[in-house]
file query-v4.cif (mmCIF, C-alpha atoms)
data_data
loop_
_atom_site.label_atom_id
_atom_site.label_comp_id
_atom_site.auth_asym_id
_atom_site.auth_seq_id
_atom_site.Cartn_x
_atom_site.Cartn_y
_atom_site.Cartn_z
CA MET A 1 146.69 114.09 98.50
CA LYS A 2 146.44 115.10 102.15
CA VAL A 3 142.67 115.17 101.98
CA LEU A 4 142.60 111.62 100.59
CA LEU A 5 144.70 110.46 103.51
CA ASP A 6 142.39 112.26 105.95
CA LEU A 7 139.37 110.62 104.35
CA ALA A 8 141.00 107.18 104.54
CA LEU A 9 141.90 107.69 108.21
CA SER A 10 138.47 108.99 109.18
CA PHE A 11 136.51 106.29 107.43
CA SER A 12 138.86 103.56 108.66
CA GLN A 13 138.09 104.67 112.21
CA ILE A 14 134.37 104.66 111.47
CA ALA A 15 134.60 101.15 110.02
CA ALA A 16 136.75 99.87 112.89
CA GLY A 17 134.15 100.93 115.46
CA ALA A 18 131.05 99.99 113.48
CA PHE A 19 129.79 97.17 115.69
CA GLY A 20 126.17 96.11 115.59
CA GLY A 21 125.73 97.44 112.06
CA GLY A 22 123.55 100.22 110.72
CA LEU A 23 122.13 102.76 113.11
CA SER A 24 124.53 102.06 115.97
CA THR A 25 127.29 103.47 113.71
CA LEU A 26 125.69 106.93 113.69
CA PRO A 27 127.30 108.39 116.84
CA LEU A 28 130.74 107.47 115.50
CA ILE A 29 129.98 108.80 112.00
CA GLU A 30 128.64 112.02 113.50
CA TYR A 31 131.69 112.41 115.75
CA GLN A 32 134.14 111.90 112.88
CA LEU A 33 132.38 113.93 110.21
CA VAL A 34 130.94 116.79 112.27
CA LYS A 35 133.07 117.18 115.39
CA ALA A 36 136.53 115.85 114.50
CA THR A 37 136.88 116.97 110.87
CA GLY A 38 134.15 119.56 110.35
CA TRP A 39 133.37 118.12 106.91
CA LEU A 40 129.66 118.34 107.67
CA THR A 41 127.58 120.81 109.66
CA ALA A 42 124.95 119.36 112.00
CA SER A 43 122.24 119.97 109.41
CA GLN A 44 124.33 118.49 106.58
CA PHE A 45 124.85 115.40 108.75
CA ASN A 46 121.09 115.03 108.96
CA GLN A 47 120.86 115.38 105.17
CA VAL A 48 123.40 112.60 104.75
CA LEU A 49 121.43 110.48 107.23
CA ALA A 50 118.23 111.11 105.25
CA LEU A 51 120.06 110.36 101.97
CA SER A 52 121.36 107.06 103.33
CA GLN A 53 117.80 106.02 104.18
CA VAL A 54 116.44 106.59 100.66
CA THR A 55 119.37 104.93 98.87
CA PRO A 56 120.29 101.24 99.13
CA GLY A 57 123.26 100.05 101.13
CA PRO A 58 124.77 100.45 104.58
CA ILE A 59 124.83 103.94 106.14
CA ALA A 60 128.63 103.91 106.52
CA ILE A 61 129.10 103.27 102.78
CA ASN A 62 126.51 105.90 101.79
CA ALA A 63 128.15 108.48 104.05
CA ALA A 64 131.63 107.58 102.76
CA THR A 65 130.63 107.91 99.12
CA PHE A 66 128.90 111.27 99.63
CA VAL A 67 131.41 112.94 101.95
CA GLY A 68 134.32 111.58 99.91
CA TYR A 69 132.81 113.15 96.80
CA GLN A 70 132.15 116.44 98.57
CA GLU A 71 135.75 116.68 99.82
CA ALA A 72 137.72 115.30 96.86
CA GLY A 73 135.47 114.28 93.96
CA ILE A 74 135.42 110.76 92.58
CA PRO A 75 138.87 109.80 93.98
CA GLY A 76 137.72 110.90 97.44
CA SER A 77 134.54 108.92 97.05
CA ALA A 78 136.47 105.79 96.04
CA VAL A 79 139.10 106.12 98.79
CA SER A 80 136.47 106.64 101.52
CA THR A 81 134.29 103.77 100.38
CA LEU A 82 137.30 101.45 100.05
CA SER A 83 138.36 102.35 103.60
CA VAL A 84 134.95 101.40 104.97
CA VAL A 85 135.27 98.04 103.17
CA THR A 86 138.95 97.24 103.72
CA VAL A 87 139.19 97.65 107.49
CA PRO A 88 136.40 95.16 108.32
CA VAL A 89 137.76 92.71 105.73
CA LEU A 90 141.23 92.86 107.31
CA ILE A 91 139.80 92.33 110.79
CA LEU A 92 137.70 89.45 109.48
CA CYS A 93 140.75 87.84 107.84
CA ALA A 94 142.78 88.21 111.04
CA LEU A 95 139.96 86.59 113.00
CA LEU A 96 139.64 83.74 110.49
CA PHE A 97 143.37 83.19 110.71
CA LEU A 98 143.26 83.09 114.52
CA LEU A 99 140.16 80.97 114.83
CA ASP A 100 140.84 78.68 111.88
CA LYS A 101 137.10 78.19 111.81
CA ALA A 102 134.14 80.13 113.12
CA ASP A 103 133.87 79.63 116.86
CA ALA A 104 130.17 79.97 117.57
CA GLU A 105 130.57 79.82 121.36
CA LYS A 106 133.14 82.63 121.56
CA SER A 107 131.28 84.83 119.15
CA ARG A 108 128.08 84.36 121.17
CA THR A 109 129.84 85.53 124.36
CA PHE A 110 131.28 88.48 122.47
CA LYS A 111 127.87 89.43 121.12
CA ASP A 112 126.37 89.28 124.62
CA LEU A 113 129.14 91.54 125.89
CA ILE A 114 128.75 94.21 123.21
CA ARG A 115 124.95 94.11 123.20
CA PRO A 116 124.41 96.81 125.88
CA ILE A 117 127.17 98.91 124.28
CA VAL A 118 125.39 98.73 120.93
CA ALA A 119 122.13 99.65 122.71
CA GLY A 120 123.83 102.75 124.14
CA LEU A 121 125.02 103.76 120.67
CA LEU A 122 121.54 103.18 119.29
CA ALA A 123 120.02 105.43 121.96
CA LEU A 124 122.52 108.15 121.01
CA SER A 125 121.68 107.78 117.32
CA LEU A 126 118.24 109.19 118.17
CA VAL A 127 119.55 112.54 119.36
CA SER A 128 120.43 114.16 116.06
CA PRO A 129 117.39 113.28 113.88
CA LEU A 130 114.95 113.94 116.73
CA THR A 131 116.36 117.35 117.68
CA ALA A 132 116.52 118.39 114.03
CA THR A 133 112.93 117.30 113.45
CA ALA A 134 111.82 119.20 116.55
CA HIS A 135 113.53 122.31 115.11
CA ASN A 136 111.74 121.81 111.79
CA GLY A 137 108.47 122.70 113.45
CA PHE A 138 105.18 121.34 114.64
CA ALA A 139 104.25 119.71 111.30
CA ALA A 140 107.52 117.75 111.30
CA ILE A 141 106.90 116.53 114.86
CA LEU A 142 103.38 115.42 113.90
CA MET A 143 104.78 113.57 110.86
CA LEU A 144 107.25 111.80 113.12
CA ILE A 145 104.63 110.68 115.64
CA PHE A 146 102.26 109.62 112.87
CA GLY A 147 105.16 107.76 111.21
CA ILE A 148 105.84 105.74 114.36
CA GLY A 149 102.19 104.64 114.29
CA LEU A 150 102.43 103.70 110.60
CA ILE A 151 105.66 101.72 111.05
CA ARG A 152 104.21 99.89 114.05
CA TYR A 153 100.70 99.13 112.88
CA CYS A 154 100.49 99.43 109.10
CA GLY A 155 101.62 96.19 107.48
CA PHE A 156 102.70 97.84 104.25
CA PHE A 157 105.03 100.41 105.82
CA LYS A 158 106.28 97.86 108.33
CA LYS A 159 107.47 95.80 105.37
CA TYR A 160 108.68 98.67 103.15
CA PRO A 161 109.93 101.53 105.36
CA PRO A 162 111.63 103.29 102.39
CA ALA A 163 108.15 103.82 100.89
CA LEU A 164 107.22 105.90 103.92
CA LEU A 165 110.41 107.93 103.52
CA VAL A 166 109.77 108.72 99.86
CA ILE A 167 106.19 109.79 100.60
CA TYR A 168 107.41 111.90 103.53
CA GLY A 169 110.07 113.45 101.31
CA VAL A 170 107.50 114.52 98.73
CA ILE A 171 105.21 115.91 101.44
CA GLY A 172 108.21 117.68 102.96
CA ALA A 173 109.21 119.24 99.64
CA PHE A 174 105.88 121.10 99.60
CA LEU A 175 105.36 121.58 103.33
CA PHE A 176 108.80 122.86 104.33
CA SER A 177 109.68 125.07 101.37
CA MET E 1 118.77 78.69 90.76
CA ALA E 2 120.75 75.61 89.72
CA GLU E 3 121.07 73.15 92.56
CA GLY E 4 124.33 71.46 93.41
CA ILE E 5 126.40 73.64 91.07
CA GLU E 6 128.66 75.90 93.10
CA MET E 7 128.59 79.60 92.37
CA ASN E 8 131.51 80.97 90.38
CA ALA E 9 132.95 84.45 90.83
CA PHE E 10 130.55 86.05 88.32
CA GLN E 11 127.52 84.46 89.93
CA LEU E 12 128.72 85.58 93.38
CA PHE E 13 129.16 89.11 92.08
CA PHE E 14 125.64 89.25 90.62
CA PHE E 15 124.08 87.45 93.60
CA PHE E 16 125.25 90.26 95.89
CA PHE E 17 124.79 93.00 93.29
CA ARG E 18 121.10 92.11 92.93
CA ILE E 19 120.47 91.96 96.68
CA SER E 20 122.47 95.08 97.47
CA ALA E 21 120.76 97.20 94.81
CA VAL E 22 117.33 96.73 96.37
CA THR E 23 118.14 96.52 100.09
CA PHE E 24 117.72 99.76 102.01
CA GLY E 25 119.46 100.44 105.29
CA GLY E 26 121.68 97.36 105.11
CA GLY E 27 122.26 95.39 108.30
CA ILE E 28 119.89 92.65 109.33
CA VAL E 29 117.72 93.06 106.23
CA ILE E 30 120.57 92.05 103.93
CA LEU E 31 121.26 88.92 105.99
CA GLY E 32 117.64 87.90 105.56
CA MET E 33 117.86 88.46 101.80
CA VAL E 34 121.06 86.40 101.52
CA LYS E 35 119.48 83.60 103.56
CA LEU E 36 116.44 83.61 101.26
CA GLY E 37 118.66 83.59 98.19
CA LEU E 38 120.53 80.54 99.47
CA ALA E 39 117.43 78.68 100.62
CA ASP E 40 117.19 76.31 97.63
CA ARG E 41 120.91 75.56 97.33
CA ASP E 42 122.42 72.34 98.63
CA ASP E 43 126.07 73.40 98.42
CA ILE E 44 125.93 75.21 101.75
CA THR E 45 124.50 73.77 104.96
CA GLU E 46 122.36 75.56 107.54
CA ALA E 47 125.16 75.15 110.10
CA GLU E 48 127.82 76.59 107.77
CA PHE E 49 125.67 79.61 107.10
CA SER E 50 124.85 80.24 110.74
CA ASP E 51 128.58 80.03 111.59
CA MET E 52 129.16 82.72 108.95
CA LEU E 53 126.41 84.85 110.46
CA SER E 54 127.84 84.78 113.96
CA LEU E 55 131.32 85.53 112.63
CA ALA E 56 130.02 88.37 110.44
CA ALA E 57 128.22 89.87 113.43
CA SER E 58 131.36 89.73 115.61
CA VAL E 59 133.47 91.99 113.41
CA PRO E 60 132.93 95.72 112.93
CA GLY E 61 131.85 97.22 109.63
CA PRO E 62 128.83 96.76 107.37
CA LEU E 63 127.25 93.30 107.68
CA ALA E 64 126.80 93.23 103.91
CA VAL E 65 130.57 93.38 103.46
CA SER E 66 131.46 90.70 106.02
CA ILE E 67 128.79 88.22 104.90
CA ALA E 68 129.76 88.75 101.23
CA TRP E 69 133.40 88.10 102.09
CA LEU E 70 132.61 84.90 104.01
CA LEU E 71 130.19 83.52 101.43
CA GLY E 72 132.55 84.32 98.55
CA ARG E 73 135.30 82.54 100.46
CA HIS E 74 133.07 79.51 100.98
CA TYR E 75 132.54 79.07 97.24
CA ARG E 76 135.66 80.40 95.55
CA GLY E 77 138.28 81.45 98.11
CA LEU E 78 139.90 84.86 97.76
CA LYS E 79 138.62 85.41 94.22
CA GLY E 80 135.08 84.67 95.36
CA SER E 81 135.40 87.02 98.33
CA LEU E 82 136.58 89.90 96.16
CA ALA E 83 133.83 89.32 93.61
CA ALA E 84 131.10 89.08 96.26
CA VAL E 85 132.24 92.21 98.14
CA ALA E 86 132.48 94.16 94.88
CA GLY E 87 128.92 93.08 94.08
CA ALA E 88 127.70 94.19 97.51
CA VAL E 89 129.45 97.58 97.46
CA LEU E 90 129.03 98.76 93.87
CA PRO E 91 125.25 99.45 93.79
CA PRO E 92 125.14 101.84 96.79
CA PHE E 93 128.47 103.38 95.72
CA LEU E 94 127.32 104.10 92.15
CA ILE E 95 123.89 105.38 93.18
CA VAL E 96 125.21 107.79 95.82
CA LEU E 97 128.05 108.85 93.51
CA ALA E 98 125.49 109.72 90.83
CA LEU E 99 123.33 111.65 93.31
CA SER E 100 126.16 113.50 95.10
CA PRO E 101 126.84 116.24 92.49
CA VAL E 102 123.10 116.89 92.17
CA ILE E 103 122.62 117.16 95.93
CA LEU E 104 125.67 119.38 96.36
CA ALA E 105 124.55 121.68 93.53
CA TYR E 106 120.97 122.02 94.75
CA SER E 107 121.34 121.63 98.50
CA ASP E 108 120.29 125.28 99.04
CA GLU E 109 117.13 124.77 97.00
CA PRO E 110 114.12 125.02 99.40
CA ARG E 111 112.37 122.07 97.70
CA ILE E 112 115.41 119.79 98.18
CA GLN E 113 115.81 120.93 101.79
CA GLY E 114 112.11 120.32 102.35
CA PHE E 115 112.43 116.85 100.85
CA PHE E 116 115.23 115.97 103.26
CA LYS E 117 113.32 117.43 106.21
CA GLY E 118 110.39 115.18 105.33
CA VAL E 119 112.64 112.13 104.94
CA LEU E 120 114.32 112.98 108.24
CA ALA E 121 110.96 113.04 110.06
CA GLY E 122 110.27 109.55 108.64
CA THR E 123 113.79 108.42 109.51
CA GLY E 124 113.21 109.65 113.06
CA ALA E 125 110.06 107.52 113.19
CA ILE E 126 111.89 104.40 111.96
CA ILE E 127 114.90 104.91 114.23
CA THR E 128 112.69 105.56 117.27
CA THR E 129 110.80 102.31 116.67
CA VAL E 130 113.93 100.20 116.11
CA VAL E 131 115.90 101.76 118.96
CA PHE E 132 113.04 101.60 121.46
CA ASP E 133 112.52 97.86 120.90
CA ASN E 134 116.24 97.09 121.00
CA VAL E 135 117.06 99.18 124.07
CA ARG E 136 114.08 97.88 126.01
CA SER E 137 114.83 94.22 125.36
CA THR E 138 118.54 94.73 126.09
CA LEU E 139 117.95 96.48 129.40
CA MET E 140 115.25 93.99 130.42
CA SER E 141 117.51 90.98 129.80
CA GLY E 142 119.69 91.70 132.85
CA TRP E 143 120.09 94.53 135.36
CA TRP E 144 123.85 94.77 134.75
CA ASN E 145 123.28 95.77 131.11
CA VAL E 146 122.23 99.19 132.38
CA VAL E 147 125.84 99.88 133.43
CA PRO E 148 127.71 99.57 130.08
CA PHE E 149 124.69 101.16 128.39
CA ALA E 150 124.89 104.19 130.69
CA VAL E 151 128.70 104.39 130.38
CA VAL E 152 128.45 104.72 126.60
CA VAL E 153 125.55 107.18 126.68
CA VAL E 154 127.13 109.42 129.33
CA LEU E 155 130.69 109.41 127.93
CA ILE E 156 129.66 110.16 124.34
CA GLY E 157 126.41 112.05 124.87
CA LEU E 158 127.29 114.15 127.91
CA PHE E 159 131.07 114.48 127.87
CA GLY E 160 131.70 114.25 124.12
CA VAL E 161 134.39 111.57 124.50
CA HIS E 162 135.51 109.87 121.26
CA PRO E 163 133.03 107.01 120.60
CA LEU E 164 135.83 104.46 120.05
CA ILE E 165 137.37 105.30 123.44
CA SER E 166 133.96 105.21 125.13
CA MET E 167 133.21 101.83 123.57
CA LEU E 168 136.60 100.52 124.68
CA ALA E 169 135.96 101.74 128.24
CA ALA E 170 132.57 100.03 128.37
CA PHE E 171 134.00 96.86 126.83
CA SER E 172 136.84 96.74 129.38
CA LEU E 173 134.20 96.98 132.08
CA GLN E 174 132.37 94.06 130.47
CA MET E 175 135.55 91.96 130.37
CA ILE E 176 136.29 92.66 134.05
CA ARG E 177 132.80 91.68 135.03
CA GLU E 178 132.97 88.55 132.84
CA ARG E 179 136.17 87.50 134.66
CA LEU E 180 134.70 88.17 138.10
CA THR E 181 131.45 86.31 137.50
CA GLU E 182 133.23 83.30 135.98
CA ARG E 183 134.59 82.05 139.26
#
call {"tool": "encode", "arguments": {"input": "query-v4.cif", "output": "structure tokens"}}
result
Amino acid sequence: MKVLLDLALSFSQIAAGAFGGGLSTLPLIEYQLVKATGWLTASQFNQVLALSQVTPGPIAINAATFVGYQEAGIPGSAVSTLSVVTVPVLILCALLFLLDKADAEKSRTFKDLIRPIVAGLLALSLVSPLTATAHNGFAAILMLIFGIGLIRYCGFFKKYPPALLVIYGVIGAFLFS
Amino acid sequence: MAEGIEMNAFQLFFFFFRISAVTFGGGIVILGMVKLGLADRDDITEAEFSDMLSLAASVPGPLAVSIAWLLGRHYRGLKGSLAAVAGAVLPPFLIVLALSPVILAYSDEPRIQGFFKGVLAGTGAIITTVVFDNVRSTLMSGWWNVVPFAVVVVLIGLFGVHPLISMLAAFSLQMIRERLTER
């Protein structure tokens, strides 16, 4: 029971700070799951990050489902995922109640104000996957650099980044084992 | 898609279920998919949808969840919201739930570890590209932006301060500056 409460608290905090969506959530997810609770080691965090990129859906939900399952089975998975969903919905409802209708002007100002904060979080989200890849050796670093080129200049991978990830995963399974 | 006939709860559920099941990474991509899916409907105006977008982007949490809630509400009130959010959340939840026991059981397997190392190298490539573009355009759009950016990076990255507290500190700074530049 205690672990379910811990999961709910942790993932509520992650959801409450998840501004800017997607990658900018990573520093907060890493802080909660690695540093604050110790549910994941640094290398497990990178596995969860990789997993979230080859499965559909937002990173926060993918991480919640996996870590919830690891800590407390299906109930843990459900509680964690529900926390990630409920907190934003409650905040949204409170905002709708206060605004009565969407106030485009206010929300534009707000977005301008959080933009550099989100950029800072994004920059931090690089640290973990890049250090881990550097530790995985020269081949991994080459794959990364080559991947940047493919994402930038190859129309197919630009449009379907998950395809690159699946191919890289298969290469990795042979190269790094 | 039938024009002029509003979506009921089931249709909202499947509308988001379909999109969510094939959208990787969430975020902006899902907004694009929702916009495409609504393109030939006349029961929601461009202005209504763009209001939803700016509201969805102003609250924390996955964009898929907030846009599903708002669109469900537009068509069917609370019932529509619940159906749409369930549709958006179930595909990733079920897929990761199915994979979790397998990953946990075989996470020490060299082949599985190698797979994730490969995916991580690709993820690094994607993140680097996205982050580089975003950070550059943010910092170029005004010299002041460097300040809150640096506050967040230094507090979290160097001093290991809780990200929520660091974000709050940077946001307070933004509010103070907003007040000062107003007059």
call {"tool": "resolve_selection", "arguments": {"input": "query-v4.cif", "expression": "the PyMOL selection byres ((chain E) within 6 of (chain A))", "output": "number ranges by chain"}}
result
E: 21, 23-27, 51, 60-62, 92, 100, 110-111, 114-116, 118-122, 124-125, 131, 135, 145, 148-149, 152-153, 163
call {"tool": "atom_distance", "arguments": {"input": "query-v4.cif", "atom1": "atom CA of E:Asp43", "atom2": "atom CA of E:Glu6"}}
result
6.4 Å
call {"tool": "resolve_selection", "arguments": {"input": "query-v4.cif", "expression": "the PyMOL selection byres ((chain E and resi 75) around 10)", "output": "MDAnalysis selection string"}}
result
chainID E and resid 6:9 12 43:44 70:74 76:81
call {"tool": "build_atoms", "arguments": {"input": "query-v4.cif", "residues": "stretch 46-75 of chain E", "atoms": "N, CA and C atoms", "output": "tab-separated table (two decimals), in the coordinates of the input"}}
result
chain	number	residue	atom	x	y	z
E	46	GLU	N	122.92	74.62	106.55
E	46	GLU	CA	122.36	75.56	107.54
E	46	GLU	C	123.41	75.94	108.58
E	47	ALA	N	124.16	74.92	109.05
E	47	ALA	CA	125.16	75.15	110.10
E	47	ALA	C	126.30	76.02	109.59
E	48	GLU	N	126.75	75.77	108.35
E	48	GLU	CA	127.82	76.59	107.77
E	48	GLU	C	127.39	78.04	107.69
E	49	PHE	N	126.15	78.24	107.24
E	49	PHE	CA	125.67	79.61	107.10
E	49	PHE	C	125.52	80.30	108.45
E	50	SER	N	125.03	79.57	109.45
E	50	SER	CA	124.85	80.24	110.74
E	50	SER	C	126.19	80.53	111.41
E	51	ASP	N	127.22	79.71	111.13
E	51	ASP	CA	128.58	80.03	111.59
E	51	ASP	C	129.05	81.34	110.96
E	52	MET	N	128.77	81.48	109.65
E	52	MET	CA	129.16	82.72	108.95
E	52	MET	C	128.46	83.93	109.57
E	53	LEU	N	127.17	83.75	109.88
E	53	LEU	CA	126.41	84.85	110.46
E	53	LEU	C	127.01	85.31	111.77
E	54	SER	N	127.34	84.34	112.65
E	54	SER	CA	127.84	84.78	113.96
E	54	SER	C	129.22	85.41	113.83
E	55	LEU	N	130.01	84.92	112.86
E	55	LEU	CA	131.32	85.53	112.63
E	55	LEU	C	131.15	86.94	112.05
E	56	ALA	N	130.25	87.07	111.08
E	56	ALA	CA	130.02	88.37	110.44
E	56	ALA	C	129.55	89.41	111.46
E	57	ALA	N	128.76	88.94	112.45
E	57	ALA	CA	128.22	89.87	113.43
E	57	ALA	C	129.25	90.21	114.51
E	58	SER	N	130.36	89.46	114.58
E	58	SER	CA	131.36	89.73	115.61
E	58	SER	C	132.44	90.70	115.16
E	59	VAL	N	132.48	91.02	113.87
E	59	VAL	CA	133.47	91.99	113.41
E	59	VAL	C	132.78	93.31	113.11
E	60	PRO	N	133.54	94.43	113.24
E	60	PRO	CA	132.93	95.72	112.93
E	60	PRO	C	132.75	95.88	111.43
E	61	GLY	N	132.03	96.93	111.05
E	61	GLY	CA	131.85	97.22	109.63
E	61	GLY	C	130.51	96.72	109.12
E	62	PRO	N	130.13	97.15	107.92
E	62	PRO	CA	128.83	96.76	107.37
E	62	PRO	C	128.68	95.24	107.29
E	63	LEU	N	127.52	94.74	107.74
E	63	LEU	CA	127.25	93.30	107.68
E	63	LEU	C	127.28	92.79	106.25
E	64	ALA	N	126.83	93.63	105.32
E	64	ALA	CA	126.80	93.23	103.91
E	64	ALA	C	128.19	92.85	103.44
E	65	VAL	N	129.19	93.63	103.88
E	65	VAL	CA	130.57	93.38	103.46
E	65	VAL	C	131.08	92.08	104.08
E	66	SER	N	130.89	91.89	105.39
E	66	SER	CA	131.46	90.70	106.02
E	66	SER	C	130.77	89.42	105.55
E	67	ILE	N	129.45	89.45	105.35
E	67	ILE	CA	128.79	88.22	104.90
E	67	ILE	C	129.16	87.92	103.45
E	68	ALA	N	129.34	88.96	102.63
E	68	ALA	CA	129.76	88.75	101.23
E	68	ALA	C	131.14	88.12	101.20
E	69	TRP	N	132.04	88.64	102.05
E	69	TRP	CA	133.40	88.10	102.09
E	69	TRP	C	133.39	86.62	102.46
E	70	LEU	N	132.62	86.28	103.51
E	70	LEU	CA	132.61	84.90	104.01
E	70	LEU	C	131.95	83.94	103.01
E	71	LEU	N	130.88	84.39	102.38
E	71	LEU	CA	130.19	83.52	101.43
E	71	LEU	C	131.04	83.34	100.17
E	72	GLY	N	131.67	84.41	99.71
E	72	GLY	CA	132.55	84.32	98.55
E	72	GLY	C	133.69	83.35	98.82
E	73	ARG	N	134.22	83.42	100.03
E	73	ARG	CA	135.30	82.54	100.46
E	73	ARG	C	134.85	81.08	100.47
E	74	HIS	N	133.62	80.86	100.92
E	74	HIS	CA	133.07	79.51	100.98
E	74	HIS	C	133.06	78.86	99.60
E	75	TYR	N	132.68	79.65	98.58
E	75	TYR	CA	132.54	79.07	97.24
E	75	TYR	C	133.82	79.11	96.41
